[in-house]
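Engineer: Okay, handing you the structure first.
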Amino acid sequence: MPHTFDLLVIGDANPDIVLGPLDAPLAFGQREQLVDTGLLTLGGSAAIMACGAARLGLEVAFAGRVGNDDAGRFIRTALDARGVNTDALRVDPVLPTPLTVVVTRGDGDRTILTSPGTLSATGPDDIPEALLTSSRHVHAASYFLLPKLAEALPELLATARAHGVTTSLDTNDDPSGTWAPGRIDATLAVTDFLLPNAQEALALAAAGAPAATGSPAAAGSLEAAAGALAARGPRVVVKNGADGALVHDGRTLLRTSGIPARPLDTVGAGDSFDAGFIAAFLRGLPIAEALAFAAACGALSTRAHGGTAAQPTWDEAGTALARDGKNL
């Protein structure tokens with residue numbers, strides 16, 4: 001069957017209100033605090049990843065759910081403007097579009113407040129099987145924000161793989177702090193690439209580790225955590241900020257140092273990394289080169305506020321790598 005799209009992205013899409021940097025503690029008691037910048041932009045891990053992949057030249061479709069409101073219309077317009085197909089972006093007649101407020105600090109850290117809206121209702125019926133089976137790759141994001149979709153992911157990704165489609169997952173953070181021990185294993189078993197950041201990799205590995213105190217994953221080694229997660233099925237690609245990234249296939253560990261960057265805003269950098277890695281993989285680059293390319297995409301995305309404004313083209317990322325002495 002011919003491929004309709006290079007990439008199908010399923011998951012969350014919402015407006016992001018990005019404020020910062022806030023260099024003092026967040027104050028309550030009806031105090032008003034001033035920050036230098038404020039931005040209303042496209043957010044949601046899945047949506048940012050989809051835009052990054054489209055910017056890199058992939059034909060991308062998005063499947064998910066928004067509300068019948070101005071925020072939902074904003075999302076559709078923003079995705080369309082960035083070349084992402086939104087035919088499978090469904091409208092919920094009752095629930096509102098999710099909304100996220102991101103408060104950044106000068107040291108690059110941030111806090112994220114999200115009103116879930118339609119995320120709680122997004123499920124398998126929102127993912128057209130025709131897209132699952134005719135795309136070259138399927139990427140799922142924000143596992144812990146989408147409980148109905150998370151429950152169905154093992155079957156959805158298995159269906160895709162049965163048609164020769166490769167798969168990836170970026171769980172993002174778990175607001176509950178439990179990290180679904182045992183429950184996520186069925187999804188990992190049908191995931192080709194797991195794409196956590198370092199904190200998420202450690203938490204996922206510890207949640208799935210034996211209770212014995214001598215467990216390397218529970219002890220906090222990032223390399224051990226990646227290896228433990230790889231043993232559960234996927235190749236594990238870990239984003240580690242300024243320290244670069246690593247990939248573990250259960251036997252071999254590869255690293256990249258990334259490229260130098262002076263981040264203006266790190267919101268969405270991990271999602272842009274995901275887009276770079278999948279774009280490079282689909283172009284047939286060796287995994288070591290895909291890892292370096294992904295790290296460049298993540299770093300370059302920090303040049304502007306918000307998750308999508310500074311996402312690089314393929315040539316921009318390649319040029320940045322060449323300047324750093326890395327060639328594709």
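Identifiers in this document derive from the order of the structure tokens: chains are assigned A, B, ..., residues are numbered from 1 separately in each chain, and ligands are numbered from 1 in order of occurrence.
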Taking 6 positions as the minimum chain separation for residues in the same chain, which residues sit within 12 Å of A:Leu291 when counting only C-alpha atoms? Answer as a compact mmCIF listing (two decimals) with N, CA, C and O atoms, in the first residue's frame.

Structural biologist:
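Wrote it out as part-v8.txt, contents follow:
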# COMPACT_ATOMS: atom_id res chain seq x y z
N PHE A 193 10.88 3.31 19.13
CA PHE A 193 11.75 4.31 19.76
C PHE A 193 11.01 4.97 20.92
O PHE A 193 9.93 5.54 20.73
N LEU A 195 11.37 8.05 23.56
CA LEU A 195 12.10 9.31 23.48
C LEU A 195 11.90 10.17 24.74
O LEU A 195 11.39 11.29 24.66
N VAL A 236 15.95 3.12 23.08
CA VAL A 236 15.69 4.24 23.99
C VAL A 236 16.61 5.40 23.64
O VAL A 236 17.84 5.27 23.65
N VAL A 237 16.02 6.54 23.33
CA VAL A 237 16.74 7.74 22.92
C VAL A 237 16.47 8.79 23.99
O VAL A 237 15.35 9.26 24.13
N VAL A 238 17.51 9.16 24.75
CA VAL A 238 17.33 10.02 25.91
C VAL A 238 17.91 11.41 25.65
O VAL A 238 19.09 11.56 25.30
N LYS A 239 17.09 12.42 25.87
CA LYS A 239 17.50 13.82 25.75
C LYS A 239 18.04 14.29 27.10
O LYS A 239 17.37 14.15 28.12
N ASN A 240 19.21 14.91 27.08
CA ASN A 240 19.84 15.30 28.34
C ASN A 240 20.33 16.74 28.32
O ASN A 240 21.43 17.05 28.80
N GLY A 244 23.78 16.84 25.90
CA GLY A 244 23.59 16.10 24.67
C GLY A 244 22.51 15.05 24.78
O GLY A 244 21.45 15.29 25.36
N ALA A 245 22.77 13.87 24.24
CA ALA A 245 21.76 12.82 24.21
C ALA A 245 22.47 11.47 24.07
O ALA A 245 23.65 11.39 23.71
N LEU A 246 21.71 10.41 24.35
CA LEU A 246 22.25 9.07 24.18
C LEU A 246 21.16 8.15 23.66
O LEU A 246 19.96 8.44 23.77
N VAL A 247 21.59 7.04 23.06
CA VAL A 247 20.66 6.03 22.58
C VAL A 247 21.17 4.67 23.02
O VAL A 247 22.38 4.40 22.97
N HIS A 248 20.25 3.81 23.48
CA HIS A 248 20.59 2.48 23.97
C HIS A 248 19.65 1.48 23.33
O HIS A 248 18.43 1.65 23.35
N LEU A 253 25.54 1.36 23.61
CA LEU A 253 25.24 2.73 24.03
C LEU A 253 25.98 3.70 23.13
O LEU A 253 27.20 3.59 22.95
N LEU A 254 25.27 4.67 22.54
CA LEU A 254 25.87 5.72 21.72
C LEU A 254 25.53 7.07 22.33
O LEU A 254 24.45 7.24 22.92
N ARG A 255 26.43 8.03 22.17
CA ARG A 255 26.21 9.37 22.73
C ARG A 255 26.47 10.44 21.67
O ARG A 255 27.23 10.23 20.72
N THR A 256 25.89 11.61 21.88
CA THR A 256 26.28 12.80 21.15
C THR A 256 26.36 13.94 22.14
O THR A 256 25.59 14.00 23.10
N SER A 257 27.29 14.84 21.91
CA SER A 257 27.46 15.99 22.80
C SER A 257 26.51 17.12 22.46
O SER A 257 26.41 18.10 23.20
N GLY A 258 25.81 17.02 21.33
CA GLY A 258 24.96 18.12 20.90
C GLY A 258 25.78 19.26 20.33
O GLY A 258 26.98 19.12 20.07
N ILE A 259 25.14 20.41 20.12
CA ILE A 259 25.85 21.59 19.63
C ILE A 259 25.70 22.72 20.64
O ILE A 259 24.74 22.74 21.41
N PHE A 273 13.56 17.94 19.15
CA PHE A 273 14.52 16.83 19.11
C PHE A 273 13.83 15.59 18.54
O PHE A 273 14.38 14.91 17.65
N ASP A 274 12.65 15.25 19.07
CA ASP A 274 11.91 14.08 18.58
C ASP A 274 11.68 14.17 17.07
O ASP A 274 11.88 13.20 16.33
N ALA A 275 11.27 15.36 16.62
CA ALA A 275 11.00 15.55 15.19
C ALA A 275 12.27 15.33 14.38
O ALA A 275 12.25 14.68 13.32
N GLY A 276 13.39 15.85 14.88
CA GLY A 276 14.66 15.68 14.17
C GLY A 276 15.08 14.23 14.10
O GLY A 276 15.55 13.75 13.05
N PHE A 277 14.91 13.51 15.20
CA PHE A 277 15.33 12.11 15.21
C PHE A 277 14.50 11.28 14.24
O PHE A 277 15.05 10.49 13.45
N ILE A 278 13.18 11.45 14.27
CA ILE A 278 12.31 10.66 13.39
C ILE A 278 12.53 11.06 11.93
O ILE A 278 12.55 10.20 11.03
N ALA A 279 12.72 12.36 11.65
CA ALA A 279 12.98 12.78 10.28
C ALA A 279 14.27 12.17 9.76
O ALA A 279 14.34 11.69 8.61
N ALA A 280 15.31 12.16 10.59
CA ALA A 280 16.59 11.59 10.17
C ALA A 280 16.47 10.07 9.99
O ALA A 280 17.02 9.50 9.04
N PHE A 281 15.77 9.43 10.90
CA PHE A 281 15.56 7.98 10.78
C PHE A 281 14.82 7.64 9.49
O PHE A 281 15.21 6.70 8.77
N LEU A 285 19.26 7.76 7.80
CA LEU A 285 20.54 8.04 8.43
C LEU A 285 20.85 6.97 9.47
O LEU A 285 19.95 6.46 10.14
N CYS A 297 18.54 19.85 16.23
CA CYS A 297 17.18 20.39 16.08
C CYS A 297 16.64 20.90 17.41
O CYS A 297 16.02 21.96 17.48
N GLY A 298 16.90 20.15 18.49
CA GLY A 298 16.47 20.60 19.80
C GLY A 298 17.15 21.89 20.22
O GLY A 298 16.51 22.82 20.72
N LEU A 321 25.37 21.52 12.38
CA LEU A 321 26.22 20.36 12.67
C LEU A 321 27.59 20.51 12.02
O LEU A 321 28.62 20.21 12.62
N LYS A 326 30.48 18.25 12.85
CA LYS A 326 29.76 17.00 12.65
C LYS A 326 29.10 17.05 11.27
O LYS A 326 28.44 18.03 10.94
N LEU A 328 26.64 15.11 8.27
CA LEU A 328 25.65 14.06 8.02
C LEU A 328 26.16 13.11 6.95
O LEU A 328 26.88 13.51 6.05

Engineer: Kindly assemble as a tab-separated table a list of the stretch 157-271 of chain A residues that lie within 8 Å of stretch 45-69 of chain A, each paired with its nearest atom pair and their distance in Å to one decimal, using only C-alpha atoms, sorted first by chain and then by ascending residue number.

Structural biologist:
residue	atom	partner	partner_atom	distance
A:Asn172	CA	A:Ser45	CA	7.9
A:Gly268	CA	A:Ile48	CA	6.5
A:Asp271	CA	A:Met49	CA	4.7

Engineer: Would you export the selected residues with all heavy atoms as a CSV table (one decimal), in the first residue's frame, please?

Structural biologist:
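Output below, filename result.csv:
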chain,number,residue,atom,x,y,z
A,172,ASN,N,6.5,12.1,28.1
A,172,ASN,CA,6.5,13.4,28.8
A,172,ASN,C,6.3,13.1,30.3
A,172,ASN,O,6.3,12.0,30.7
A,172,ASN,CB,5.5,14.4,28.3
A,172,ASN,CG,5.7,14.7,26.8
A,172,ASN,OD1,5.0,14.1,25.9
A,172,ASN,ND2,6.7,15.4,26.5
A,268,GLY,N,9.5,23.2,24.4
A,268,GLY,CA,9.3,22.4,23.1
A,268,GLY,C,10.6,21.9,22.5
A,268,GLY,O,10.6,21.2,21.5
A,271,ASP,N,10.5,18.2,22.0
A,271,ASP,CA,9.7,17.8,20.9
A,271,ASP,C,10.3,18.0,19.6
A,271,ASP,O,10.2,17.3,18.6
A,271,ASP,CB,8.3,18.5,21.0
A,271,ASP,CG,7.7,18.4,22.4
A,271,ASP,OD1,7.6,17.3,22.9
A,271,ASP,OD2,7.3,19.4,23.0

Engineer: Which one is closest to A:Gly318: A:Leu40, A:Glu289, A:Gly250, A:Leu7? Count only C-alpha atoms.

Structural biologist: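 Going through A:Leu40, A:Glu289, A:Gly250, A:Leu7 one by one, the smallest distance to A:Gly318 is for A:Glu289.
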
Engineer: Might you pull out every residue within 12 Å of A:Leu89, with only C-alpha atoms counted and same-chain residues fewer than 6 positions away left off, and present them as a PyMOL selection string?

Structural biologist: chain A and resi 8-14+47+61-68+72-73+75-77+79-80+97+118+122+125-128

Engineer: Please report, as an NGL selection string, each residue of stretch 23-267 of chain A to which DSSP assigns alpha helix (DSSP H) when run on this structure's backbone.

Structural biologist: :A and (45-55 or 70-81 or 129-134 or 147-162 or 185-188 or 198-208 or 216-219 or 222-230)

Engineer: Can you write out the residues you just picked, keeping C-alpha atoms, as a PDB file, in the first residue's frame?

Structural biologist:
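Output (result-v7.pdb):
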ATOM      1  CA  SER A  45       4.068  17.902  22.839  1.00  0.00           C
ATOM      2  CA  ALA A  46       2.424  16.134  19.916  1.00  0.00           C
ATOM      3  CA  ALA A  47       1.550  19.356  18.097  1.00  0.00           C
ATOM      4  CA  ILE A  48       5.048  20.826  18.499  1.00  0.00           C
ATOM      5  CA  MET A  49       6.636  17.595  17.297  1.00  0.00           C
ATOM      6  CA  ALA A  50       4.324  17.522  14.257  1.00  0.00           C
ATOM      7  CA  CYS A  51       5.275  21.088  13.334  1.00  0.00           C
ATOM      8  CA  GLY A  52       8.972  20.358  13.732  1.00  0.00           C
ATOM      9  CA  ALA A  53       8.721  17.339  11.458  1.00  0.00           C
ATOM     10  CA  ALA A  54       6.814  19.307   8.818  1.00  0.00           C
ATOM     11  CA  ARG A  55       9.458  22.039   9.004  1.00  0.00           C
ATOM     12  CA  ASP A  70     -11.709  29.873  19.865  1.00  0.00           C
ATOM     13  CA  ALA A  71      -8.756  27.945  21.315  1.00  0.00           C
ATOM     14  CA  GLY A  72      -9.584  24.920  19.161  1.00  0.00           C
ATOM     15  CA  ARG A  73      -9.839  27.054  16.063  1.00  0.00           C
ATOM     16  CA  PHE A  74      -6.497  28.640  16.968  1.00  0.00           C
ATOM     17  CA  ILE A  75      -4.930  25.179  17.118  1.00  0.00           C
ATOM     18  CA  ARG A  76      -6.270  24.104  13.729  1.00  0.00           C
ATOM     19  CA  THR A  77      -5.148  27.349  12.086  1.00  0.00           C
ATOM     20  CA  ALA A  78      -1.675  27.112  13.617  1.00  0.00           C
ATOM     21  CA  LEU A  79      -1.169  23.497  12.526  1.00  0.00           C
ATOM     22  CA  ASP A  80      -2.472  24.216   9.018  1.00  0.00           C
ATOM     23  CA  ALA A  81      -0.156  27.220   8.705  1.00  0.00           C
ATOM     24  CA  GLU A 129      -7.138   3.344  11.073  1.00  0.00           C
ATOM     25  CA  ALA A 130      -6.410   4.381   7.495  1.00  0.00           C
ATOM     26  CA  LEU A 131      -3.790   6.827   8.775  1.00  0.00           C
ATOM     27  CA  LEU A 132      -2.347   4.281  11.193  1.00  0.00           C
ATOM     28  CA  THR A 133      -1.771   1.760   8.444  1.00  0.00           C
ATOM     29  CA  SER A 134      -0.728   4.008   5.553  1.00  0.00           C
ATOM     30  CA  PRO A 147      -5.673   8.132  29.767  1.00  0.00           C
ATOM     31  CA  LYS A 148      -8.159   6.757  27.216  1.00  0.00           C
ATOM     32  CA  LEU A 149      -5.635   6.975  24.401  1.00  0.00           C
ATOM     33  CA  ALA A 150      -2.886   5.481  26.592  1.00  0.00           C
ATOM     34  CA  GLU A 151      -5.065   2.451  27.328  1.00  0.00           C
ATOM     35  CA  ALA A 152      -5.575   1.893  23.607  1.00  0.00           C
ATOM     36  CA  LEU A 153      -1.974   2.552  22.493  1.00  0.00           C
ATOM     37  CA  PRO A 154      -0.830  -1.093  22.579  1.00  0.00           C
ATOM     38  CA  GLU A 155      -3.512  -2.065  20.065  1.00  0.00           C
ATOM     39  CA  LEU A 156      -3.105   1.084  17.956  1.00  0.00           C
ATOM     40  CA  LEU A 157       0.671   0.769  17.656  1.00  0.00           C
ATOM     41  CA  ALA A 158       0.452  -2.981  17.081  1.00  0.00           C
ATOM     42  CA  THR A 159      -1.946  -2.324  14.196  1.00  0.00           C
ATOM     43  CA  ALA A 160       0.510   0.161  12.711  1.00  0.00           C
ATOM     44  CA  ARG A 161       3.448  -2.226  13.048  1.00  0.00           C
ATOM     45  CA  ALA A 162       1.471  -5.061  11.478  1.00  0.00           C
ATOM     46  CA  ASP A 185       4.902  -2.255  29.359  1.00  0.00           C
ATOM     47  CA  ALA A 186       2.368  -3.347  26.734  1.00  0.00           C
ATOM     48  CA  THR A 187       2.930  -0.055  24.915  1.00  0.00           C
ATOM     49  CA  LEU A 188       6.718  -0.257  25.151  1.00  0.00           C
ATOM     50  CA  ALA A 198      16.737  12.224  31.362  1.00  0.00           C
ATOM     51  CA  GLN A 199      14.370  12.827  34.265  1.00  0.00           C
ATOM     52  CA  GLU A 200      11.591  10.860  32.580  1.00  0.00           C
ATOM     53  CA  ALA A 201      13.920   7.981  31.693  1.00  0.00           C
ATOM     54  CA  LEU A 202      15.054   7.654  35.296  1.00  0.00           C
ATOM     55  CA  ALA A 203      11.471   7.760  36.583  1.00  0.00           C
ATOM     56  CA  LEU A 204      10.162   5.247  34.039  1.00  0.00           C
ATOM     57  CA  ALA A 205      13.020   2.850  34.702  1.00  0.00           C
ATOM     58  CA  ALA A 206      12.691   3.120  38.481  1.00  0.00           C
ATOM     59  CA  ALA A 207       8.926   2.537  38.302  1.00  0.00           C
ATOM     60  CA  GLY A 208       9.470  -0.657  36.332  1.00  0.00           C
ATOM     61  CA  PRO A 216      20.872  -0.015  38.850  1.00  0.00           C
ATOM     62  CA  ALA A 217      17.838   1.706  37.347  1.00  0.00           C
ATOM     63  CA  ALA A 218      16.502   2.541  40.783  1.00  0.00           C
ATOM     64  CA  ALA A 219      19.928   3.815  41.830  1.00  0.00           C
ATOM     65  CA  LEU A 222      21.014   7.317  33.322  1.00  0.00           C
ATOM     66  CA  GLU A 223      22.879   4.722  31.272  1.00  0.00           C
ATOM     67  CA  ALA A 224      21.464   1.890  33.390  1.00  0.00           C
ATOM     68  CA  ALA A 225      17.983   3.387  33.148  1.00  0.00           C
ATOM     69  CA  ALA A 226      18.202   3.537  29.351  1.00  0.00           C
ATOM     70  CA  GLY A 227      19.410  -0.046  29.220  1.00  0.00           C
ATOM     71  CA  ALA A 228      16.633  -1.232  31.536  1.00  0.00           C
ATOM     72  CA  LEU A 229      14.006   0.497  29.398  1.00  0.00           C
ATOM     73  CA  ALA A 230      15.510  -0.945  26.214  1.00  0.00           C
TER      74      ALA A 230
END

Engineer: Suppose you want the space between atom CA of A:Gly20 and atom CA of A:Ala140; what is it in Å?

Structural biologist: 28.7 Å

Engineer: Taking the DSSP assignment computed from this structure's backbone, write out as a PyMOL selection string all residues of stretch 100-291 of chain A that belong to strand (DSSP E).

Structural biologist: chain A and resi 100-104+110-115+135-141+166-170+193-194+235-239+245-248+253-256

Engineer: What would the file look like if the residues just selected were written as an mmCIF file, in the first residue's frame with N, CA and C atoms?

Structural biologist:
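In the end it all went to selection04.cif:
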data_model
loop_
_atom_site.group_PDB
_atom_site.id
_atom_site.type_symbol
_atom_site.label_atom_id
_atom_site.label_comp_id
_atom_site.auth_asym_id
_atom_site.auth_seq_id
_atom_site.Cartn_x
_atom_site.Cartn_y
_atom_site.Cartn_z
ATOM 1 N N THR A 100 -2.472 25.449 28.439
ATOM 2 C CA THR A 100 -1.272 25.322 29.267
ATOM 3 C C THR A 100 -0.632 26.691 29.492
ATOM 4 N N VAL A 101 -0.227 26.931 30.726
ATOM 5 C CA VAL A 101 0.567 28.110 31.069
ATOM 6 C C VAL A 101 1.954 27.630 31.481
ATOM 7 N N VAL A 102 2.975 28.148 30.833
ATOM 8 C CA VAL A 102 4.365 27.798 31.120
ATOM 9 C C VAL A 102 5.042 29.017 31.719
ATOM 10 N N VAL A 103 5.569 28.876 32.920
ATOM 11 C CA VAL A 103 6.330 29.950 33.565
ATOM 12 C C VAL A 103 7.796 29.537 33.580
ATOM 13 N N THR A 104 8.629 30.296 32.893
ATOM 14 C CA THR A 104 10.045 29.964 32.767
ATOM 15 C C THR A 104 10.873 30.729 33.787
ATOM 16 N N ARG A 110 11.427 25.429 34.243
ATOM 17 C CA ARG A 110 10.078 25.971 34.049
ATOM 18 C C ARG A 110 9.066 25.158 34.846
ATOM 19 N N THR A 111 7.926 25.767 35.115
ATOM 20 C CA THR A 111 6.789 25.044 35.670
ATOM 21 C C THR A 111 5.658 25.102 34.661
ATOM 22 N N ILE A 112 4.850 24.049 34.627
ATOM 23 C CA ILE A 112 3.819 23.913 33.601
ATOM 24 C C ILE A 112 2.478 23.638 34.282
ATOM 25 N N LEU A 113 1.485 24.458 33.992
ATOM 26 C CA LEU A 113 0.136 24.286 34.509
ATOM 27 C C LEU A 113 -0.796 24.003 33.339
ATOM 28 N N THR A 114 -1.521 22.878 33.397
ATOM 29 C CA THR A 114 -2.364 22.474 32.277
ATOM 30 C C THR A 114 -3.779 22.178 32.743
ATOM 31 N N SER A 115 -4.743 22.752 32.028
ATOM 32 C CA SER A 115 -6.148 22.389 32.181
ATOM 33 C C SER A 115 -6.467 21.379 31.082
ATOM 34 N N SER A 135 0.665 5.444 6.982
ATOM 35 C CA SER A 135 1.780 6.352 7.237
ATOM 36 C C SER A 135 3.066 5.540 7.388
ATOM 37 N N ARG A 136 4.197 6.170 7.144
ATOM 38 C CA ARG A 136 5.467 5.462 7.307
ATOM 39 C C ARG A 136 5.831 5.282 8.782
ATOM 40 N N HIS A 137 5.411 6.230 9.603
ATOM 41 C CA HIS A 137 5.776 6.207 11.017
ATOM 42 C C HIS A 137 4.636 6.815 11.825
ATOM 43 N N VAL A 138 4.412 6.296 13.044
ATOM 44 C CA VAL A 138 3.415 6.838 13.966
ATOM 45 C C VAL A 138 4.123 7.240 15.257
ATOM 46 N N HIS A 139 3.886 8.482 15.683
ATOM 47 C CA HIS A 139 4.468 8.992 16.924
ATOM 48 C C HIS A 139 3.350 9.374 17.877
ATOM 49 N N ALA A 140 3.443 8.912 19.132
ATOM 50 C CA ALA A 140 2.481 9.263 20.170
ATOM 51 C C ALA A 140 3.180 10.066 21.256
ATOM 52 N N ALA A 141 2.455 11.028 21.830
ATOM 53 C CA ALA A 141 3.051 11.898 22.838
ATOM 54 C C ALA A 141 2.111 12.064 24.028
ATOM 55 N N THR A 166 6.687 2.002 11.439
ATOM 56 C CA THR A 166 7.479 2.118 12.657
ATOM 57 C C THR A 166 6.798 3.077 13.631
ATOM 58 N N THR A 167 7.178 2.967 14.917
ATOM 59 C CA THR A 167 6.457 3.689 15.959
ATOM 60 C C THR A 167 7.418 4.338 16.949
ATOM 61 N N SER A 168 6.938 5.386 17.604
ATOM 62 C CA SER A 168 7.711 6.030 18.657
ATOM 63 C C SER A 168 6.774 6.626 19.694
ATOM 64 N N LEU A 169 7.332 6.861 20.886
ATOM 65 C CA LEU A 169 6.558 7.380 22.011
ATOM 66 C C LEU A 169 7.423 8.330 22.818
ATOM 67 N N ASP A 170 6.855 9.494 23.137
ATOM 68 C CA ASP A 170 7.434 10.404 24.119
ATOM 69 C C ASP A 170 6.392 10.540 25.221
ATOM 70 N N PHE A 193 10.884 3.312 19.134
ATOM 71 C CA PHE A 193 11.747 4.308 19.759
ATOM 72 C C PHE A 193 11.006 4.969 20.920
ATOM 73 N N LEU A 194 11.591 4.897 22.097
ATOM 74 C CA LEU A 194 11.107 5.627 23.261
ATOM 75 C C LEU A 194 11.989 6.854 23.416
ATOM 76 N N ARG A 235 14.037 0.805 21.354
ATOM 77 C CA ARG A 235 15.341 1.479 21.393
ATOM 78 C C ARG A 235 15.098 2.795 22.128
ATOM 79 N N VAL A 236 15.953 3.119 23.083
ATOM 80 C CA VAL A 236 15.695 4.238 23.993
ATOM 81 C C VAL A 236 16.613 5.404 23.637
ATOM 82 N N VAL A 237 16.020 6.540 23.326
ATOM 83 C CA VAL A 237 16.740 7.740 22.924
ATOM 84 C C VAL A 237 16.474 8.790 23.987
ATOM 85 N N VAL A 238 17.512 9.163 24.745
ATOM 86 C CA VAL A 238 17.334 10.022 25.914
ATOM 87 C C VAL A 238 17.910 11.409 25.655
ATOM 88 N N LYS A 239 17.086 12.417 25.875
ATOM 89 C CA LYS A 239 17.496 13.815 25.749
ATOM 90 C C LYS A 239 18.038 14.294 27.099
ATOM 91 N N ALA A 245 22.769 13.873 24.238
ATOM 92 C CA ALA A 245 21.759 12.816 24.205
ATOM 93 C C ALA A 245 22.467 11.473 24.068
ATOM 94 N N LEU A 246 21.708 10.412 24.351
ATOM 95 C CA LEU A 246 22.247 9.066 24.183
ATOM 96 C C LEU A 246 21.157 8.150 23.659
ATOM 97 N N VAL A 247 21.588 7.042 23.060
ATOM 98 C CA VAL A 247 20.657 6.029 22.585
ATOM 99 C C VAL A 247 21.174 4.666 23.019
ATOM 100 N N HIS A 248 20.245 3.810 23.482
ATOM 101 C CA HIS A 248 20.593 2.485 23.974
ATOM 102 C C HIS A 248 19.654 1.475 23.327
ATOM 103 N N LEU A 253 25.539 1.365 23.608
ATOM 104 C CA LEU A 253 25.237 2.728 24.026
ATOM 105 C C LEU A 253 25.984 3.702 23.126
ATOM 106 N N LEU A 254 25.269 4.665 22.537
ATOM 107 C CA LEU A 254 25.870 5.717 21.722
ATOM 108 C C LEU A 254 25.527 7.073 22.332
ATOM 109 N N ARG A 255 26.427 8.033 22.169
ATOM 110 C CA ARG A 255 26.212 9.371 22.727
ATOM 111 C C ARG A 255 26.472 10.442 21.670
ATOM 112 N N THR A 256 25.889 11.607 21.884
ATOM 113 C CA THR A 256 26.281 12.802 21.150
ATOM 114 C C THR A 256 26.356 13.943 22.142
#
